[in-house]
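Since the structure comes first, as structure tokens, the remarks are kept for the end.
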Amino acid sequence: MTTLALSPARLRSASFLSGLREFLKHPGALAGTIVLAAFVVCAIFAPWLAPFDPSETDIGMRLGPPDAITWFGADIHGRDIFSRVIWGARYSLPVGFATLVVGLIIGGTFGVMLGYIGGRFDAIASRIIDVLLGFPSIVLAIMVVAVLGVGLVNVVVAVAIAEIPRFARVIRGAVLVAKQNLYVEAALAMGASSTRVMFLHILPAIMPTVIVLGTLNLGNAILSTATLSFLGLGAQPPAPEWGAMLNSGREYMRYAPWTMMAPGLALFLAVIAVNLIGDRLSEVIDPRNARRR
Amino acid sequence: MHLRDQTIPPLLSVRNLAVSFGGKGDRAAAVSGLDFDLGPGRTLAIVGESGSGKSVTSLALMGLTTQSGGRIDSGELHFRRRDGSVVDLAKLTARQMRDISGNEISIIFQEPMTSLNPVFTIGDQIAEAITAHRDISQAEALAETRAFLEKVRLPDAAAMIDRYPHQLSGGMCQRVMIAMALSCRPTLLIADEPTTALDVTVQAQILNTIRDLQQEMGTAVIFITHDMGVVAEMADDVLVMWRGRRVEYGPVGDIFKRPSHPYTKMLLSAVPKLGSFAQEPLPRRTPILVMEGDIPTLVGGTHVQDTANYATPLLRLDQISARFDVSHDALGRPTHRVHAAEKISLDIYPGETLALVGESGSGKTTIGRMIQQLVKPSGGSILFEGRDYDGMSTGERQKLKRQIHSIFQDPMASINPRRTVGQSIAEPIEIHGLNKRPSETNERVADLLVKVGLPADSASRYPHQFSGGQRQRICIARALASDPRLIIADESVSALDVSIQAQIVQLLMELQAEKSLTYLFISHDMAVVEKISHRVAVMYLGQIVEYGPRQAVISNPQHPYTRKLLSAVPVAEPGRAIDRTLVAGDIPSPMRRIGDDPVVVPLREVTAGHWVAA
Amino acid sequence: MAFFLRRLLGIIPILFLTWTVVFVVFEFIPGDPVSLMMGGVPASDEVMANERARLGLDKPVLERYASFLGRAVVGDFGESYKARQPVTQMIREQIRPTLELAAGGLVVGLGLGLLLGVLAGLKPNSWLDTVCIFLALAGGSLPSFWSGMLLIYVFGTVLAWVPIVGSGFSALILPSIATGLFMAGDFARLVRSSIIDAMKQNYIRTAYAKGLAPIRIVGKHALRNALIPPITMLGIQLSTLIGGAVVTENVFARPGLGTMLVDAVLNKDMPLVQALIVYTTGVYVLVNLLVDLLYVLIDPRIKYARTPSR
């Protein structure tokens, strides 16, 4: 009987491995994974990878163009942009990720509750969610910053709050679809409790949606936090945050375009890497394909 | 070839057709070495179960193989055009094929509702088929469209032109499809399971229409179906397909009387024939032919199903009703509601199989859901062993769920694909805490699997690794796991191929005898109902119009609707006189305005235990 | 018709809810509104109290809520702390450039999104699909402030093809592209999957069986159905667009509601923030109503869904 208990797990890990192989077969996903991994390495090993101290100023180097020493040039205070971009990974990645996790946990819990309980409670709450979705999320985030005040931590909270309605709505939808499954009705008919149905039948069924939603929104979270910093509402100078760097570089764009090239490119690459991964992930574990596989 | 009339050249002559599907590595043959001829105005039925390649053949004739992801590997499809020239459909370019399809060869499909484009009007879609092939104006095309809508006997053809598909019932959509297919007066019509998704009375109407128009227009028809009853009624010649090959080919009478291939023999023996148990008061298990590899083997013995005990009812439905509000006005007040069940009273006795028959929308499924506490009745009471549901505590209601179990129509959807078969079967055991130790549960699961005819080691596998029939066996094993008294089988065998269907019906009957189970067998299929049930209740628009012993209801139907239902069932007996005078008319919707409640017609006992609404 | 009536009536609770949310949120803002208004300039207690009474801040919460709702109905959200002008008037003066920008972004976003989406969806997994979908993905990953800066640098500074500042049509081109690019990515992917989905439907098989030309099958039967899901998403897309306008205005130093909003937040000019959010929602609700109308025009199933006819 041990084999009976073991084999499903083995089967699942086998399908995970084959899924991973299937996932990486796609050139875009492979490129995205490599780029994202590179940024993660940058974030972890920034002090060793960056050739200069990101906040070390050098008047002689002010707005210096890219050369053999300062690869990406220098900013108005003569700081090495390459080093600052590497340190910037320490801001955008964790901040984006934290935002996502907070938003997903709160929004997901709401969504599961709404979808599962249904009825009048769901009807009213869904109305409120529709209203909140009406605010462009960046405006909603700005509104939260207006309440909490300027700063990077507040930006995390603001963007997370702004994402909650979207997560809640999508996950509520997924729960509603999962609830429609005949096997859920079968379980209820045989007397299964709500908790049993929730944990054995509904949560596993919505997991693919949650994973895809999370990955596809990580890019958005990184973008939104950087945007708020760019608008001067998030990370404050001299922090080497990519959005904030772009904000301080914009005045000198005419004479020193390199001040905006590297941070923008880094931000773009990080976001597109995450999006490539999310896109492929949604293809490989599309809930609609789940039955066939 | 015995089919070819030497004086008239064939309209279509297929030689050595081979079609395959799939990618480079996993290309699989769907059809191979297929030969047949079809004369002008004749009807050929291509019969087979799922995966036999019968639909693939029709796609090849329409030039739709590539579009559906397949490839014609070899073969010739000689088609005689209107001008007398003969072309090989397999060698035509896409542009040349466009001239023929919809014009000289046309097709109707299984799903009429989804085969019409939802965003264009009926008139637009039919007129488009006409203008694509003939050089006439839109106004002329619409005039012809109207004429064809009348030909297929759609009521109010003029208004129909401006309607959208979603405003029509499935049967009406199929008539529209027929009008569209015939609008260019093709010489060949392919009907690919055109009535499979429709109710049996609607099916009878559609078959009549096809037959009449075929005679009027002299169209040859290839009728693709799995239903031997439909074959017997429609076909001149029959081609039986099995695993992508032709196993039998000949005039319809010969095939039914003297089947030569073992597969045909098996198929014919598996088809339930309405009226074949007319002389027997009780249902009877009979041996069935099962294909073991390529050899048909007889399985099971003859047993009379004398399991029922009519002393006290196990379950009593007392005047139960179910109503659902479906549409609301601007202020959210309900304006229409569906009357799914209206004051239904029924007793189900231990050990019997009570069949609940009716067409879609009759409310039969709602009855089952109310018994399982999935829907709360709007009125009336349900009593299990004399105890009212309403009088039970939550705990007692929970315990009741152990006694009542169900088997659904779609075995794939009713098992969680992410859990192993063993986990799924063990679920009722775990829910009701029936076994203390996991090893006991595992043994029980293995026993149940063996009992339903699956290997004991299936427990560790996942549902997608099983075929449709095997999955239904898994569902049965799960339904048995908590040792229930009553099993609700809602269209449990309807989606299965006939040969599998016969096996599952056999299994259900064996289990009933062994465990004295009670079944509420919900079905639209009168022939299966006749085979399995002790008593039959006929539902129409939320009400029971007739019920009683099976023999009485089926051999001596009293209510006009029961008669209509029975006369609509195609019987697998070629040459049998068809009386379709009863089947006219559509079934009205069970949805009514608020305040416009239906009249509940009281039942009257005509003979002992045989009740009829009057 | 009942459908439209229901939709119209449905707006009332949404507006009411928005106003309530806005009111509640701003009740919790730390800091005293009057001292904010004074801009931190110390004032005597008497002046403070007078101001407070003038603004009605001395009244109980519920009363202020009622008067807030009453004024919101007629579009009166008080005076800006900073500019000392009625905020409604300020918004009216600045709404035009933002609407122009949003419209420009919509044109770019829809046009580019449709083009990429249709091209990609027609032959899934072909090289054209791969290229289009990568472009769409890249568009959706571009930080709009960065793409704005790049556009300014390349087309405004280096090539000097178009003016960067000003109010004419030509000054609208670059901001519209920067705003629209972001939306185009999302929209293209939606159109693509929608077309692929439509091409798999049974009615497409019927269209082939009728002997119709492929161009007609795609252009008529598939496209009309495939556009339904993207149109339903247009409302949400628009809220992205307004968000994009906030950023784009900032980058291009254009006047408009976005610039106003960021300034108002930085200046803690609460009445202005409040009013801007209420206006944004109003526009969003209005646009969604229009989208619903469009939806009914394109999908007959909606119009008749409420009138049971079978």
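So you can find residues: chains in the structure tokens are A, B, ... in the order shown, residues in each start at 1, and ligands are numbered from 1 in order.
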
Would you kindly return, as an MDAnalysis selection string, each protein, DNA or RNA residue with an atom no farther than 10 Å from any atom of Glu150 in chain B, considering only C-alpha atoms and excluding same-chain residues fewer than 5 positions away?
chainID B and resid 144:145 155:158 160 175 179

Generate the output file for the selected residues, C-alpha atoms, as a tab-separated table (two decimals), in the first residue's frame.
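The resulting part.tsv:
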```tsv
chain	number	residue	atom	x	y	z
B	144	GLU	CA	-35.33	32.30	-51.94
B	145	THR	CA	-34.28	32.12	-48.33
B	155	PRO	CA	-43.27	28.61	-38.67
B	156	ASP	CA	-43.50	32.26	-39.72
B	157	ALA	CA	-40.68	32.12	-42.25
B	158	ALA	CA	-40.94	35.81	-43.10
B	160	MET	CA	-37.56	34.20	-39.15
B	175	ARG	CA	-34.03	23.38	-39.66
B	179	ALA	CA	-32.49	25.21	-45.32
```

Within 8 Å of chain A, which residues belong to chain C? Use only C-alpha atoms and report them as a VMD selection string.
chain C and resid 14 17 to 18 25 to 26 28 to 30 137 to 138 141 to 143 145 to 146 149 153 157 236 239 to 243 246 to 247 250 262 265 to 266 268 273 277 280 to 281 284 to 285

Neighbours of Lys179 in chain A within 10 Å (only C-alpha atoms; same-chain residues fewer than 3 positions away dropped), as a list in words?
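Skipping anything fewer than 3 positions along the chain leaves Gly115, Tyr116, Gly173, Ala174, Val175, Leu176, Leu182, Tyr183, Val184, Glu185, Val197, Met198, His201, Ile202 and Ala205 of chain A.
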
Near range 114-131 of chain B, within 8 Å and counting only C-alpha atoms, which residues show up once chain neighbours fewer than 5 positions away are dropped, as a PyMOL selection string?
(chain B and resi 102+109+136-138+141-142+144-146+160-166+173+176-177+179-180+183-184) or (chain C and resi 201-206+210-212+221+224-225+298-301)

Dump C-alpha atoms for the selected residues as a CSV table (one decimal), in the first residue's frame?
```csv
chain,number,residue,atom,x,y,z
B,102,GLY,CA,-22.2,24.6,-50.2
B,109,PHE,CA,-23.6,19.3,-38.3
B,136,ILE,CA,-28.3,36.9,-58.0
B,137,SER,CA,-29.1,40.0,-56.0
B,138,GLN,CA,-29.4,40.1,-52.2
B,141,ALA,CA,-31.5,35.6,-52.4
B,142,LEU,CA,-33.7,36.7,-49.4
B,144,GLU,CA,-35.3,32.3,-51.9
B,145,THR,CA,-34.3,32.1,-48.3
B,146,ARG,CA,-37.9,32.7,-47.3
B,160,MET,CA,-37.6,34.2,-39.1
B,161,ILE,CA,-35.3,36.0,-41.6
B,162,ASP,CA,-34.6,38.8,-39.2
B,163,ARG,CA,-34.1,36.6,-36.2
B,164,TYR,CA,-30.8,35.7,-34.6
B,165,PRO,CA,-29.8,32.1,-33.8
B,166,HIS,CA,-30.0,32.5,-30.0
B,173,CYS,CA,-31.6,26.0,-35.6
B,176,VAL,CA,-32.2,26.6,-40.5
B,177,MET,CA,-29.1,24.6,-41.1
B,179,ALA,CA,-32.5,25.2,-45.3
B,180,MET,CA,-29.0,26.7,-45.7
B,183,SER,CA,-30.4,26.4,-50.6
B,184,CYS,CA,-28.3,25.7,-53.7
C,201,GLN,CA,-15.9,27.9,-33.4
C,202,ASN,CA,-18.3,25.7,-35.2
C,203,TYR,CA,-19.8,28.5,-37.2
C,204,ILE,CA,-16.4,29.0,-38.9
C,205,ARG,CA,-16.6,25.4,-40.1
C,206,THR,CA,-20.1,26.1,-41.4
C,210,LYS,CA,-20.8,27.1,-47.5
C,211,GLY,CA,-17.9,27.6,-49.9
C,212,LEU,CA,-17.1,31.2,-48.8
C,221,HIS,CA,-17.6,35.8,-39.5
C,224,ARG,CA,-17.3,40.4,-35.8
C,225,ASN,CA,-17.3,37.8,-33.0
C,298,ILE,CA,-22.3,44.4,-32.1
C,299,ASP,CA,-23.7,41.5,-30.2
C,300,PRO,CA,-27.4,40.8,-30.8
C,301,ARG,CA,-27.5,38.4,-27.9
```

One-decimal distance in Å that lies between CA of Val284 in chain A and CA of Leu24 in chain A
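Those two atoms sit 10.1 Å apart.
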
Enumerate, as a count of residues only, the complete set of residues in range 53-177 of chain B that a backbone-based DSSP assignment places in strand (DSSP E).
18

What residues in chain B have any atom no more than 8 Å from chain A when counting only C-alpha atoms, and can you write them as a PyMOL selection string?
chain B and resi 372-374+398-399+401-402+404-406+413-418+420+427-428+431-432+439+442+459-461+464

With a distance cut-off of 9 Å and only C-alpha atoms, select the neighbouring residues of Pro97 in chain C, excluding the residue or stretch itself and same-chain residues fewer than 3 positions from it, and output the selection as a list of chain:residue names.
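What passes the distance filter is C:Gln94, C:Glu100, C:Leu101, C:Ala102, C:Ser167, C:Arg254, C:Pro255, C:Gly256, C:Leu257.
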
Since we have the selection now, will you write its residues out, keeping N, CA and C atoms, as a compact mmCIF listing (two decimals), in the first residue's frame?
```
# COMPACT_ATOMS: atom_id res chain seq x y z
N GLN C 94 -8.73 72.68 -17.27
CA GLN C 94 -7.63 71.79 -17.63
C GLN C 94 -8.07 70.48 -18.26
N GLU C 100 -7.93 65.35 -24.89
CA GLU C 100 -7.25 65.24 -26.19
C GLU C 100 -6.19 64.16 -26.14
N LEU C 101 -5.43 64.16 -25.05
CA LEU C 101 -4.36 63.18 -24.92
C LEU C 101 -4.94 61.77 -24.83
N ALA C 102 -6.00 61.61 -24.03
CA ALA C 102 -6.61 60.29 -23.89
C ALA C 102 -7.14 59.82 -25.24
N SER C 167 0.38 73.43 -28.05
CA SER C 167 -0.96 72.91 -27.84
C SER C 167 -1.61 72.44 -29.13
N ARG C 254 3.03 68.73 -20.06
CA ARG C 254 1.79 69.25 -20.62
C ARG C 254 0.88 69.66 -19.50
N PRO C 255 0.10 70.71 -19.71
CA PRO C 255 -0.92 71.00 -18.72
C PRO C 255 -2.00 69.91 -18.80
N GLY C 256 -2.76 69.74 -17.75
CA GLY C 256 -3.82 68.75 -17.78
C GLY C 256 -4.13 68.23 -16.40
N LEU C 257 -5.09 67.33 -16.34
CA LEU C 257 -5.54 66.86 -15.04
C LEU C 257 -4.48 66.02 -14.34
```

Env of Val450 in chain B: 12 Å cut, atoms = only C-alpha atoms, seq-sep filter 2 positions within chain, self excluded. Answer as a count of residues only.
20

Distance criterion (only C-alpha atoms): nearest to Ile288 in chain B out of B:Arg316, B:Asp483, B:Gln506, B:Thr93
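For Ile288 in chain B, the nearest of the candidates is B:Gln506.
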